[in-house]
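See below for the structure under consideration.
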Amino acid sequence: METTDPPASLVCREVRDRRGRVYRVGESDVDLLGRRRIWMVVLPWLGMTGVGCAAYAFFAAQNGLREAHAWGGDLWGESLFGPTVLWVSTQVAVALPAGRLRESGRLSARAA
């Protein structure tokens, strides 16, 4: 492991591991982010809550939408469930290999 000391104006140091990744040691969360770390939990949680509520409302309204527009009830035809399953499956099919390639180092974070 290799360490380098940044300029004296900063109260941290950089540590490089054997794979070349650089970590900054000694800074507080407010120095790095401009706010406390709890915000990095709360803000994504609020976003996912909003998306989850919208998805739940969409599926809860599916029967009413079918009746109002006289849509069929088959899974892949005019149902709303089929396209959603296809979208989620495609998302998982792309995310899992991309995550493994990223962790192995064969794919950069930007490309992933």
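Identifiers for the structure tokens are assigned positionally: chains receive A, B, ... in sequence, residues are indexed from 1 per chain, and ligands are indexed from 1 in the order shown.
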
DSSP strand (DSSP E) residues within chain A, listed as number ranges by chain = A: 2-4, 13-16, 22-25

ask   = With only C-alpha atoms as the atoms that count, which of A:Val51, A:Leu107, A:Leu65, A:Val11 lies nearest to Ser28 (chain A)?
value = A:Val11

For Arg102 (chain A), please output as a PDB file with all heavy atoms, in the first residue's frame all residues within 7 Å (counting only C-alpha atoms; exclusion window: fewer than 6 positions along the same chain).
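Okay, part15.pdb is ready:
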```
ATOM      1  N   SER A 108     -15.198   0.068 -16.655  1.00  0.00           N
ATOM      2  CA  SER A 108     -14.997   1.239 -15.800  1.00  0.00           C
ATOM      3  C   SER A 108     -16.322   1.662 -15.162  1.00  0.00           C
ATOM      4  O   SER A 108     -17.401   1.299 -15.629  1.00  0.00           O
ATOM      5  CB  SER A 108     -14.440   2.397 -16.625  1.00  0.00           C
ATOM      6  OG  SER A 108     -15.417   2.876 -17.524  1.00  0.00           O
ATOM      7  N   ALA A 109     -16.230   2.463 -14.120  1.00  0.00           N
ATOM      8  CA  ALA A 109     -17.430   2.945 -13.446  1.00  0.00           C
ATOM      9  C   ALA A 109     -18.258   3.813 -14.375  1.00  0.00           C
ATOM     10  O   ALA A 109     -19.483   3.738 -14.389  1.00  0.00           O
ATOM     11  CB  ALA A 109     -17.051   3.716 -12.187  1.00  0.00           C
ATOM     12  N   ALA A 112     -20.076   1.556 -16.834  1.00  0.00           N
ATOM     13  CA  ALA A 112     -21.131   0.768 -16.181  1.00  0.00           C
ATOM     14  C   ALA A 112     -22.350   1.625 -15.958  1.00  0.00           C
ATOM     15  O   ALA A 112     -23.459   1.186 -16.065  1.00  0.00           O
ATOM     16  CB  ALA A 112     -20.632   0.196 -14.867  1.00  0.00           C
TER      17      ALA A 112
END
```

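Here CA of Val42 (chain A) and CA of Ala55 (chain A) stand 19.8 Å from one another.
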
Per-residue DSSP, chain A, filtered to alpha helix (DSSP H), as a VMD selection string = chain A and resid 29 to 33 39 to 60 62 to 69 81 to 104
